[in-house]
>>> print(open('target-v1.tsv').read())   # TSV, C-alpha atoms and all ligand atoms
chain	number	residue	atom	x	y	z
W	1	MET	CA	-43.89	23.58	-23.27
W	2	LYS	CA	-42.93	23.04	-26.88
W	3	LYS	CA	-39.81	23.82	-28.85
W	4	VAL	CA	-39.13	27.53	-29.03
W	5	THR	CA	-36.59	28.50	-31.66
W	6	VAL	CA	-35.40	31.89	-32.79
W	7	TRP	CA	-37.41	31.34	-35.96
W	8	SER	CA	-40.66	30.63	-34.12
W	9	LEU	CA	-40.14	33.65	-31.87
W	10	LEU	CA	-39.60	35.82	-34.93
W	11	VAL	CA	-42.74	34.56	-36.69
W	12	ALA	CA	-44.77	34.95	-33.48
W	13	LEU	CA	-43.50	38.50	-33.01
W	14	LEU	CA	-44.46	39.42	-36.57
W	15	LEU	CA	-47.91	37.99	-36.00
W	16	LEU	CA	-48.41	39.86	-32.76
W	17	MET	CA	-47.37	43.08	-34.46
W	18	ALA	CA	-49.75	42.42	-37.34
W	19	VAL	CA	-52.72	41.75	-35.05
W	20	GLY	CA	-51.79	44.64	-32.77
W	21	CYS	CA	-51.75	47.04	-35.72
W	22	SER	CA	-54.99	45.74	-37.14
W	23	SER	CA	-57.24	46.04	-34.12
W	24	GLY	CA	-58.98	48.95	-32.57
W	25	GLY	CA	-58.70	51.50	-35.42
W	26	ASP	CA	-60.81	52.47	-38.40
W	27	GLU	CA	-58.67	50.28	-40.58
W	28	PRO	CA	-60.14	46.86	-41.25
W	29	ALA	CA	-58.29	44.05	-39.50
W	30	ALA	CA	-55.43	42.78	-41.63
W	31	SER	CA	-53.82	39.39	-41.45
W	32	SER	CA	-50.03	39.26	-41.46
W	33	SER	CA	-50.05	37.30	-44.71
W	34	GLU	CA	-51.11	40.51	-46.34
W	35	GLU	CA	-47.91	42.09	-45.20
W	36	THR	CA	-45.74	39.35	-46.59
W	37	THR	CA	-47.45	38.89	-49.95
W	38	SER	CA	-45.05	38.61	-52.88
W	39	THR	CA	-44.83	41.57	-55.25
W	40	ASP	CA	-45.16	40.01	-58.70
W	41	THR	CA	-48.85	39.33	-58.29
W	42	GLU	CA	-49.44	42.61	-56.58
W	43	ALA	CA	-52.66	43.67	-58.29
W	44	ALA	CA	-54.37	40.35	-57.73
W	45	ASP	CA	-53.07	40.23	-54.20
W	46	THR	CA	-54.31	43.71	-53.45
W	47	ALA	CA	-57.78	42.73	-54.63
W	48	ALA	CA	-57.67	39.57	-52.59
W	49	GLU	CA	-56.41	41.49	-49.60
W	50	SER	CA	-59.20	43.99	-49.66
W	51	THR	CA	-61.77	41.22	-49.95
W	52	ASP	CA	-60.16	39.47	-47.01
W	53	ALA	CA	-59.95	42.68	-45.08
W	54	GLU	CA	-63.59	43.54	-45.77
W	55	SER	CA	-64.83	40.19	-44.65
W	56	GLU	CA	-62.65	40.42	-41.56
W	57	ALA	CA	-63.99	43.90	-40.84
W	58	ASP	CA	-67.60	42.79	-41.34
W	59	SER	CA	-67.21	39.87	-39.07
W	60	SER	CA	-64.90	41.45	-36.50
W	61	GLN	CA	-65.83	41.40	-32.82
W	62	ILE	CA	-68.49	38.76	-33.18
W	63	GLY	CA	-68.12	37.86	-29.53
W	64	GLY	CA	-69.27	34.74	-27.72
W	65	VAL	CA	-67.56	31.48	-26.94
W	66	LEU	CA	-66.37	28.68	-29.19
W	67	ASN	CA	-65.96	25.25	-27.63
W	68	PHE	CA	-63.01	23.44	-29.16
W	69	TYR	CA	-62.60	19.72	-28.42
W	70	ASN	CA	-59.02	18.85	-29.29
W	71	TRP	CA	-56.20	16.40	-28.61
W	72	SER	CA	-54.02	17.47	-25.70
W	73	ASP	CA	-50.99	19.72	-26.40
W	74	TYR	CA	-52.14	20.22	-29.96
W	75	ILE	CA	-52.19	23.98	-30.44
W	76	ASP	CA	-50.03	26.99	-29.71
W	77	VAL	CA	-52.25	28.66	-27.12
W	78	GLU	CA	-51.04	32.09	-28.28
W	79	ILE	CA	-53.40	31.55	-31.20
W	80	TYR	CA	-56.38	31.85	-28.85
W	81	ALA	CA	-55.32	35.36	-27.88
W	82	LEU	CA	-54.83	36.39	-31.53
W	83	PHE	CA	-58.24	35.03	-32.48
W	84	GLU	CA	-59.98	36.66	-29.53
W	85	GLU	CA	-58.31	39.96	-30.28
W	86	GLU	CA	-59.52	39.89	-33.85
W	87	TYR	CA	-63.04	38.55	-33.40
W	88	GLY	CA	-63.85	38.89	-29.72
W	89	ILE	CA	-64.53	35.14	-29.64
W	90	LYS	CA	-63.17	33.27	-26.65
W	91	VAL	CA	-62.07	29.73	-27.39
W	92	VAL	CA	-62.57	27.22	-24.60
W	93	GLU	CA	-60.56	24.05	-25.11
W	94	ASP	CA	-61.26	20.60	-23.75
W	95	ASN	CA	-59.16	17.51	-24.52
W	96	TYR	CA	-59.49	13.85	-25.41
W	97	GLY	CA	-56.85	11.16	-25.86
W	98	SER	CA	-58.21	9.00	-28.64
W	99	ASN	CA	-60.73	9.03	-31.47
W	100	GLU	CA	-62.77	6.45	-29.61
W	101	ASP	CA	-62.98	8.71	-26.54
W	102	LEU	CA	-64.12	11.58	-28.74
W	103	LEU	CA	-66.80	9.42	-30.34
W	104	ALA	CA	-67.98	8.06	-26.99
W	105	LYS	CA	-68.21	11.54	-25.50
W	106	LEU	CA	-70.34	12.85	-28.36
W	107	GLN	CA	-72.47	9.73	-28.47
W	108	GLY	CA	-72.93	10.10	-24.72
W	109	GLY	CA	-74.81	13.35	-25.37
W	110	ALA	CA	-72.16	16.08	-25.12
W	111	SER	CA	-73.67	18.69	-27.39
W	112	GLY	CA	-71.74	21.85	-26.50
W	113	TYR	CA	-68.67	21.29	-28.65
W	114	ASP	CA	-68.45	23.36	-31.82
W	115	VAL	CA	-65.23	22.26	-33.50
W	116	ILE	CA	-63.65	18.83	-33.07
W	117	VAL	CA	-60.47	17.24	-34.46
W	118	PRO	CA	-61.06	13.59	-35.42
W	119	SER	CA	-58.54	11.59	-37.41
W	120	ASP	CA	-59.13	10.27	-40.90
W	121	TYR	CA	-60.95	6.99	-40.20
W	122	MET	CA	-63.03	8.62	-37.46
W	123	VAL	CA	-64.12	11.38	-39.84
W	124	ALA	CA	-65.56	8.66	-42.08
W	125	THR	CA	-67.37	7.10	-39.12
W	126	MET	CA	-68.74	10.44	-37.94
W	127	ILE	CA	-69.96	11.40	-41.40
W	128	GLU	CA	-71.72	8.05	-41.60
W	129	LEU	CA	-73.34	8.64	-38.20
W	130	GLY	CA	-74.34	12.20	-39.08
W	131	MET	CA	-72.25	13.63	-36.24
W	132	VAL	CA	-70.44	16.34	-38.26
W	133	GLY	CA	-71.99	19.11	-40.33
W	134	GLU	CA	-70.95	20.26	-43.78
W	135	LEU	CA	-68.50	23.15	-43.99
W	136	ASP	CA	-69.71	26.47	-45.35
W	137	LYS	CA	-66.97	26.82	-47.94
W	138	SER	CA	-68.04	30.36	-48.78
W	139	GLN	CA	-66.57	31.33	-45.39
W	140	LEU	CA	-63.28	29.54	-45.91
W	141	THR	CA	-60.74	31.74	-47.62
W	142	HIS	CA	-57.65	29.50	-47.59
W	143	LEU	CA	-58.86	26.35	-49.28
W	144	ASP	CA	-56.26	26.80	-52.01
W	145	SER	CA	-53.52	26.67	-49.41
W	146	ILE	CA	-54.20	23.00	-48.66
W	147	ASP	CA	-51.51	20.77	-50.13
W	148	PRO	CA	-53.05	18.79	-53.06
W	149	ASN	CA	-51.91	15.57	-51.30
W	150	PHE	CA	-54.43	16.33	-48.56
W	151	ALA	CA	-57.13	18.14	-50.52
W	152	GLU	CA	-58.95	15.01	-51.74
W	153	PRO	CA	-59.17	12.91	-48.59
W	154	PRO	CA	-60.67	9.47	-49.26
W	155	PHE	CA	-62.48	9.65	-45.91
W	156	ASP	CA	-64.19	12.96	-46.81
W	157	PRO	CA	-64.35	13.43	-50.58
W	158	GLY	CA	-64.05	17.06	-51.62
W	159	MET	CA	-63.29	18.14	-48.01
W	160	LYS	CA	-67.03	18.57	-47.68
W	161	HIS	CA	-67.05	18.21	-43.89
W	162	CYS	CA	-63.58	18.91	-42.56
W	163	LEU	CA	-60.27	20.65	-43.27
W	164	PRO	CA	-56.97	18.93	-42.49
W	165	TYR	CA	-55.26	20.38	-39.40
W	166	PHE	CA	-52.02	18.42	-38.87
W	167	TRP	CA	-50.62	15.15	-40.03
W	168	GLY	CA	-48.01	12.89	-38.53
W	169	THR	CA	-46.88	9.34	-37.87
W	170	THR	CA	-46.95	6.79	-35.07
W	171	GLY	CA	-43.58	5.28	-34.25
W	172	ILE	CA	-41.09	4.49	-31.51
W	173	GLY	CA	-39.75	7.08	-29.06
W	174	PHE	CA	-36.48	6.17	-27.37
W	175	ASN	CA	-33.46	7.60	-25.58
W	176	TRP	CA	-30.00	7.48	-27.18
W	177	ASN	CA	-28.52	6.72	-23.75
W	178	ASP	CA	-29.95	3.22	-24.19
W	179	TRP	CA	-28.99	2.61	-27.82
W	180	ASP	CA	-26.01	2.65	-30.20
W	181	GLU	CA	-28.32	2.50	-33.18
W	182	ALA	CA	-31.91	3.63	-33.45
W	183	PRO	CA	-34.47	0.88	-32.60
W	184	ASP	CA	-35.88	0.98	-36.10
W	185	SER	CA	-37.95	-2.20	-36.01
W	186	TRP	CA	-41.18	-2.98	-34.20
W	187	ALA	CA	-39.31	-6.03	-32.88
W	188	TYR	CA	-37.51	-3.76	-30.40
W	189	LEU	CA	-40.86	-3.04	-28.85
W	190	PHE	CA	-42.91	-6.16	-29.50
W	191	ASP	CA	-40.37	-8.98	-29.09
W	192	PRO	CA	-40.74	-9.94	-25.41
W	193	GLU	CA	-36.99	-10.56	-25.04
W	194	ASN	CA	-36.21	-7.02	-26.13
W	195	ALA	CA	-39.08	-5.51	-24.18
W	196	ALA	CA	-37.97	-7.28	-21.00
W	197	GLU	CA	-34.85	-5.10	-20.97
W	198	PHE	CA	-37.06	-2.06	-20.44
W	199	SER	CA	-39.48	-3.70	-18.06
W	200	GLY	CA	-41.72	-1.16	-16.34
W	201	ARG	CA	-40.44	1.66	-18.56
W	202	ILE	CA	-42.50	1.01	-21.69
W	203	SER	CA	-45.55	3.09	-22.53
W	204	LEU	CA	-48.07	2.38	-25.29
W	205	LEU	CA	-50.70	4.79	-26.56
W	206	ASP	CA	-54.11	4.45	-24.97
W	207	ASP	CA	-55.55	3.98	-28.42
W	208	SER	CA	-56.98	0.72	-29.73
W	209	ARG	CA	-56.42	1.22	-33.44
W	210	GLU	CA	-52.88	2.54	-32.96
W	211	VAL	CA	-51.68	-0.23	-30.64
W	212	ILE	CA	-53.35	-3.10	-32.49
W	213	GLY	CA	-52.37	-1.44	-35.80
W	214	ALA	CA	-48.67	-1.32	-34.88
W	215	ALA	CA	-48.77	-4.98	-33.83
W	216	LEU	CA	-50.48	-5.88	-37.12
W	217	ILE	CA	-47.80	-4.08	-39.11
W	218	TYR	CA	-45.12	-5.90	-37.09
W	219	LEU	CA	-46.79	-9.17	-38.11
W	220	GLY	CA	-46.83	-8.10	-41.77
W	221	TYR	CA	-50.59	-7.53	-41.87
W	222	SER	CA	-52.60	-4.46	-42.78
W	223	PRO	CA	-53.49	-2.21	-39.84
W	224	ASN	CA	-56.96	-2.15	-41.42
W	225	THR	CA	-57.41	-5.89	-41.59
W	226	THR	CA	-60.91	-7.24	-41.17
W	227	ASN	CA	-59.59	-10.76	-40.63
W	228	GLU	CA	-60.41	-11.74	-37.05
W	229	ALA	CA	-57.60	-14.29	-36.80
W	230	GLU	CA	-55.02	-11.62	-37.68
W	231	ILE	CA	-56.46	-9.23	-35.11
W	232	GLU	CA	-56.29	-12.02	-32.52
W	233	GLU	CA	-52.63	-12.60	-33.41
W	234	ALA	CA	-51.96	-8.91	-32.91
W	235	LYS	CA	-53.67	-9.13	-29.51
W	236	ASP	CA	-51.28	-11.93	-28.51
W	237	ILE	CA	-48.32	-9.78	-29.57
W	238	VAL	CA	-49.44	-6.96	-27.29
W	239	LEU	CA	-50.28	-9.34	-24.45
W	240	GLY	CA	-46.83	-10.89	-24.89
W	241	ILE	CA	-45.19	-7.67	-23.72
W	242	LYS	CA	-47.91	-6.40	-21.42
W	243	GLU	CA	-46.09	-7.41	-18.23
W	244	TYR	CA	-43.31	-4.97	-19.21
W	245	VAL	CA	-45.66	-2.09	-20.04
W	246	SER	CA	-46.08	0.52	-17.33
W	247	ALA	CA	-48.92	2.45	-18.95
W	248	PHE	CA	-51.35	2.85	-21.82
W	249	ASP	CA	-51.20	6.61	-22.03
W	250	SER	CA	-51.70	9.19	-24.78
W	251	ASP	CA	-51.39	12.35	-22.72
W	252	THR	CA	-48.34	12.32	-20.45
W	253	TYR	CA	-46.06	9.67	-21.93
W	254	GLU	CA	-43.75	12.26	-23.45
W	255	ASP	CA	-43.30	14.02	-20.10
W	256	ASN	CA	-42.47	10.66	-18.56
W	257	MET	CA	-39.75	10.18	-21.17
W	258	VAL	CA	-38.10	13.33	-19.86
W	259	THR	CA	-38.17	12.12	-16.26
W	260	GLY	CA	-36.72	8.78	-17.39
W	261	GLU	CA	-39.82	6.86	-16.25
W	262	ASN	CA	-40.41	5.86	-19.87
W	263	ALA	CA	-37.52	4.48	-21.91
W	264	LEU	CA	-39.40	3.15	-24.92
W	265	VAL	CA	-42.78	4.35	-26.16
W	266	LEU	CA	-45.28	3.81	-28.91
W	267	GLY	CA	-45.99	7.47	-29.58
W	268	TRP	CA	-46.96	10.22	-31.99
W	269	SER	CA	-44.14	12.03	-33.76
W	270	GLY	CA	-44.68	15.60	-32.49
W	271	ASP	CA	-45.28	14.49	-28.91
W	272	VAL	CA	-41.88	12.82	-28.78
W	273	PHE	CA	-40.23	15.95	-30.20
W	274	THR	CA	-41.71	17.83	-27.27
W	275	ALA	CA	-39.75	15.56	-24.97
W	276	GLN	CA	-36.66	16.10	-27.10
W	277	VAL	CA	-36.73	19.80	-26.21
W	278	GLU	CA	-36.16	18.86	-22.60
W	279	ASP	CA	-33.66	16.08	-23.28
W	280	GLU	CA	-31.78	16.02	-26.58
W	281	ASN	CA	-31.05	12.30	-26.18
W	282	ILE	CA	-34.72	11.54	-26.76
W	283	ASP	CA	-35.53	10.67	-30.35
W	284	TYR	CA	-38.19	9.16	-32.59
W	285	VAL	CA	-37.99	6.54	-35.34
W	286	ILE	CA	-40.40	5.20	-37.94
W	287	PRO	CA	-39.83	1.40	-38.02
W	288	ILE	CA	-38.62	-0.24	-41.21
W	289	GLU	CA	-41.67	-2.51	-41.41
W	290	GLY	CA	-43.81	0.60	-41.84
W	291	ALA	CA	-46.09	2.55	-39.56
W	292	VAL	CA	-49.34	4.46	-39.37
W	293	LYS	CA	-49.65	7.93	-40.84
W	294	TRP	CA	-52.66	10.00	-39.96
W	295	THR	CA	-54.36	13.32	-40.57
W	296	ASP	CA	-56.31	15.10	-37.86
W	297	ASN	CA	-59.09	17.30	-39.17
W	298	LEU	CA	-61.07	20.38	-38.16
W	299	CYS	CA	-64.78	19.56	-38.31
W	300	VAL	CA	-67.95	21.22	-37.07
W	301	THR	CA	-70.23	19.12	-34.91
W	302	ALA	CA	-73.70	18.49	-36.31
W	303	ASP	CA	-75.17	20.36	-33.32
W	304	ALA	CA	-73.10	23.49	-33.99
W	305	ALA	CA	-73.87	23.36	-37.71
W	306	LYS	CA	-77.59	23.66	-36.97
W	307	ASP	CA	-77.16	26.94	-35.08
W	308	PRO	CA	-76.23	29.90	-37.32
W	309	GLU	CA	-74.27	31.72	-34.59
W	310	ARG	CA	-72.27	28.69	-33.56
W	311	MET	CA	-71.68	27.85	-37.22
W	312	GLN	CA	-70.39	31.36	-37.92
W	313	ARG	CA	-67.91	31.16	-35.03
W	314	ALA	CA	-66.84	27.68	-36.10
W	315	MET	CA	-66.16	28.80	-39.67
W	316	LEU	CA	-64.17	31.80	-38.46
W	317	TRP	CA	-62.10	29.55	-36.21
W	318	ILE	CA	-61.40	26.98	-38.92
W	319	ASP	CA	-60.56	29.74	-41.37
W	320	PHE	CA	-58.25	31.41	-38.85
W	321	LEU	CA	-56.37	28.16	-38.16
W	322	SER	CA	-56.03	27.72	-41.92
W	323	ARG	CA	-54.31	31.04	-42.50
W	324	PRO	CA	-50.83	30.10	-43.66
W	325	GLU	CA	-49.10	32.25	-41.05
W	326	ILE	CA	-51.23	30.83	-38.21
W	327	ALA	CA	-50.81	27.26	-39.47
W	328	GLY	CA	-47.05	27.87	-39.67
W	329	MET	CA	-46.92	29.32	-36.17
W	330	ASN	CA	-48.85	26.29	-34.93
W	331	THR	CA	-46.43	23.81	-36.53
W	332	ASN	CA	-43.48	25.72	-35.06
W	333	TYR	CA	-45.02	25.06	-31.67
W	334	VAL	CA	-46.32	21.48	-31.86
W	335	TRP	CA	-43.80	20.05	-34.33
W	336	TYR	CA	-46.48	18.25	-36.31
W	337	ALA	CA	-46.43	18.59	-40.10
W	338	SER	CA	-48.86	21.04	-41.67
W	339	PRO	CA	-51.07	20.03	-44.63
W	340	ASN	CA	-51.11	23.75	-45.52
W	341	LYS	CA	-48.53	24.20	-48.27
W	342	ASP	CA	-48.53	27.98	-47.97
W	343	ALA	CA	-47.61	27.67	-44.30
W	344	ASN	CA	-44.15	26.43	-45.27
W	345	GLU	CA	-42.74	29.92	-45.58
W	346	PHE	CA	-43.65	30.52	-41.93
W	347	ILE	CA	-42.29	27.20	-40.66
W	348	ASP	CA	-38.86	26.98	-39.10
W	349	PRO	CA	-36.58	25.47	-41.81
W	350	GLU	CA	-35.19	23.12	-39.16
W	351	ILE	CA	-38.63	21.50	-38.91
W	352	LEU	CA	-39.23	21.38	-42.67
W	353	GLU	CA	-35.91	19.60	-43.14
W	354	TYR	CA	-36.43	17.17	-40.27
W	355	GLU	CA	-37.31	13.86	-41.90
W	356	ALA	CA	-38.97	12.48	-38.81
W	357	VAL	CA	-41.54	15.29	-39.14
W	358	TYR	CA	-41.67	15.45	-42.95
W	359	PRO	CA	-40.67	11.90	-44.01
W	360	ASN	CA	-38.96	11.45	-47.37
W	361	GLU	CA	-40.73	9.66	-50.21
W	362	GLU	CA	-39.21	6.28	-49.45
W	363	THR	CA	-40.36	6.36	-45.83
W	364	PHE	CA	-43.72	7.80	-46.84
W	365	SER	CA	-44.32	4.82	-49.09
W	366	ARG	CA	-44.11	2.53	-46.03
W	367	LEU	CA	-46.83	4.37	-44.16
W	368	HIS	CA	-50.48	3.33	-43.90
W	369	TRP	CA	-53.63	5.36	-43.24
W	370	LEU	CA	-56.04	3.90	-40.72
W	371	GLU	CA	-59.39	3.34	-42.37
W	372	ASN	CA	-62.93	2.92	-41.16
W	373	VAL	CA	-63.20	-0.87	-40.81
W	374	GLY	CA	-67.00	-0.89	-40.52
W	375	GLU	CA	-68.41	-3.75	-38.49
W	376	THR	CA	-64.91	-5.02	-37.69
W	377	THR	CA	-64.64	-2.04	-35.30
W	378	GLU	CA	-66.46	-4.25	-32.80
W	379	ILE	CA	-63.71	-6.86	-33.04
W	380	TYR	CA	-61.03	-4.21	-32.46
W	381	SER	CA	-62.98	-2.96	-29.42
W	382	ARG	CA	-63.43	-6.43	-27.98
W	383	VAL	CA	-59.75	-7.24	-28.47
W	384	TRP	CA	-58.80	-3.90	-26.89
W	385	THR	CA	-60.94	-4.64	-23.84
W	386	GLU	CA	-59.29	-8.05	-23.56
W	387	ILE	CA	-55.84	-6.47	-23.76
W	388	GLY	CA	-56.83	-4.10	-20.96
W	389	SER	CA	-58.26	-6.76	-18.73
W	390	GLN	CA	-55.71	-9.57	-19.05
Q	1	LIG	N1	-50.68	15.48	-28.58
Q	1	LIG	C1	-51.54	15.46	-29.71
Q	1	LIG	C2	-51.39	14.27	-30.55
Q	1	LIG	C3	-52.45	14.17	-31.59
Q	1	LIG	C4	-52.25	13.00	-32.40
Q	1	LIG	N2	-53.33	12.59	-33.14
Q	1	LIG	C5	-53.06	11.35	-33.62
Q	1	LIG	C6	-54.18	10.59	-34.16
Q	1	LIG	C7	-53.77	9.29	-34.68
Q	1	LIG	N3	-54.80	8.38	-35.00
>>> encode(input="target-v1.tsv", output="structure tokens")
Amino acid sequence: MKKVTVWSLLVALLLLMAVGCSSGGDEPAASSSEETTSTDTEAADTAAESTDAESEADSSQIGGVLNFYNWSDYIDVEIYALFEEEYGIKVVEDNYGSNEDLLAKLQGGASGYDVIVPSDYMVATMIELGMVGELDKSQLTHLDSIDPNFAEPPFDPGMKHCLPYFWGTTGIGFNWNDWDEAPDSWAYLFDPENAAEFSGRISLLDDSREVIGAALIYLGYSPNTTNEAEIEEAKDIVLGIKEYVSAFDSDTYEDNMVTGENALVLGWSGDVFTAQVEDENIDYVIPIEGAVKWTDNLCVTADAAKDPERMQRAMLWIDFLSRPEIAGMNTNYVWYASPNKDANEFIDPEILEYEAVYPNEETFSRLHWLENVGETTEIYSRVWTEIGSQ
């Protein structure tokens, strides 16, 4: 259960009304953005609206199933009902906990997934391996809504394969009951003396690049280093606190913060805010040494892209999630930042002003993207296995 504010209820209600009014009659389906369009560009908007409406009418009630492979707790499930009501397409969701799990599942032969949500560096890997298809941009009607900061991703030039879905950071989740000041350094997590205080109540993400990356940043190195000695040093940092770590977990760590089982976590921003709903003493900090920032992206699997019906459903789904009002509704639920600039008017102002969700420029400058490290991936995997087994 995610944060529910008066604002998000209001936006959700407006959306439900818009979809309710648009289905079932002779009128073409209308998205709620059409109802909130500003007046000074009325003529252009009206033209755009009728084009939108026509394409929605043409493609309405397509039917069938779309298989969505997503991170856990990463969508407002109300969106499934809205999409199904408009297009008759049922979305079936399955979850993974890390980019590496996603890759392994697809490489293992899973061919039924239509839309997947890899992060930045994994998009690059999947493009290289031919595992994602190209988008059919003629079906995507909200490309202009993408914030220019996200519209030229280095891992997918020209957004040829994927559209950004959410972005966020990886930092430290904690409980104010344990602290007078926020633990704003990786040393609070990675220095064994500090970690010992929370023995058995520390959780780290079950994610090789994130855990090793945080340790590398703590050491002053790049989280994308290809220097084996630096990666080995990072391994020793993680092993140095391993006896105090209760779990490597990317799915339930935030729930375990609420129960008090976890006191200190390496976690993703929005997940920790979920826990904050249940306990206002739970908080999240981006360490002063810097941290990882990431973008998760909506991509079509290569298998789906080869099948015109699957491709059509995939494009409709990606386009639907990119509607500003749907993207806004989604952020209001998951508390991850939206790369859709036009969604801002639908996002609860409390979220937009919350610097842990939308970091200020100074903090942003201390954040690093994870990149595809090519052959060094094998070193990260080996080190990760050693961390797990020692
Ligand atoms: N609960 C969903 C969290 C999704 C976070 N994705 C993060 C990817 C970082 N590499």
>>> residues_near_ligand(input="target-v1.tsv", ligand="ligand LIG 1 (chain Q)", cutoff="9 Å", atoms="all atoms listed in the file", output="PyMOL selection string")
chain W and resi 70-75+97-99+117-122+166-170+207+209-210+250-251+267-271+292-296+334+336+369-370
>>> atom_distance(input="target-v1.tsv", atom1="atom CA of W:Asp184", atom2="atom CA of W:Ile379")
29.1 Å
>>> residues_around(input="target-v1.tsv", residues="W:Ser381", least_positions_apart="5", cutoff="9 Å", atoms="all atoms listed in the file", output="list in words")
Ser208, Arg209, Thr376 and Glu386 of chain W
>>> atom_distance(input="target-v1.tsv", atom1="atom CA of W:Gln139", atom2="atom CA of W:Leu321")
12.9 Å
>>> closest_residue(input="target-v1.tsv", among="W:Glu134, W:Glu197, W:Val258, W:Ala314", to="W:Val91", atoms="only C-alpha atoms")
W:Ala314
>>> closest_residue(input="target-v1.tsv", among="W:Pro223, W:Gly63, W:Pro324, W:Glu278", to="W:Leu367", atoms="all atoms listed in the file")
W:Pro223
>>> atom_distance(input="target-v1.tsv", atom1="atom CA of W:Glu375", atom2="atom CA of W:Thr225")
11.6 Å
>>> residues_around(input="target-v1.tsv", residues="W:Pro154", least_positions_apart="3", cutoff="12 Å", atoms="all atoms listed in the file", output="list in words")
Asp120, Tyr121, Val123, Ala124, Asn149, Phe150, Ala151, Pro157, Gly158, Met159, Lys160, Cys162, Thr295, Trp369, Leu370, Glu371 and Asn372 of chain W
>>> closest_residue(input="target-v1.tsv", among="W:Ala182, W:Ile282, W:Ile172, W:Ile387", to="W:Asp206", atoms="only C-alpha atoms")
W:Ile387
>>> residues_around(input="target-v1.tsv", residues="W:Ala187", least_positions_apart="5", cutoff="10 Å", atoms="only C-alpha atoms", output="PDB file with C-alpha atoms, in the coordinates of the input")
ATOM      1  CA  PRO W 192     -40.740  -9.940 -25.410  1.00  0.00           C
ATOM      2  CA  GLU W 193     -36.990 -10.560 -25.040  1.00  0.00           C
ATOM      3  CA  ASN W 194     -36.210  -7.020 -26.130  1.00  0.00           C
ATOM      4  CA  ALA W 195     -39.080  -5.510 -24.180  1.00  0.00           C
ATOM      5  CA  ALA W 215     -48.770  -4.980 -33.830  1.00  0.00           C
ATOM      6  CA  TYR W 218     -45.120  -5.900 -37.090  1.00  0.00           C
ATOM      7  CA  LEU W 219     -46.790  -9.170 -38.110  1.00  0.00           C
ATOM      8  CA  PRO W 287     -39.830   1.400 -38.020  1.00  0.00           C
ATOM      9  CA  GLU W 289     -41.670  -2.510 -41.410  1.00  0.00           C
TER      10      GLU W 289
END
>>> closest_residue(input="target-v1.tsv", among="W:Asn227, W:Ser199, W:Asn177, W:Gln107", to="W:Ala247", atoms="all atoms listed in the file")
W:Ser199
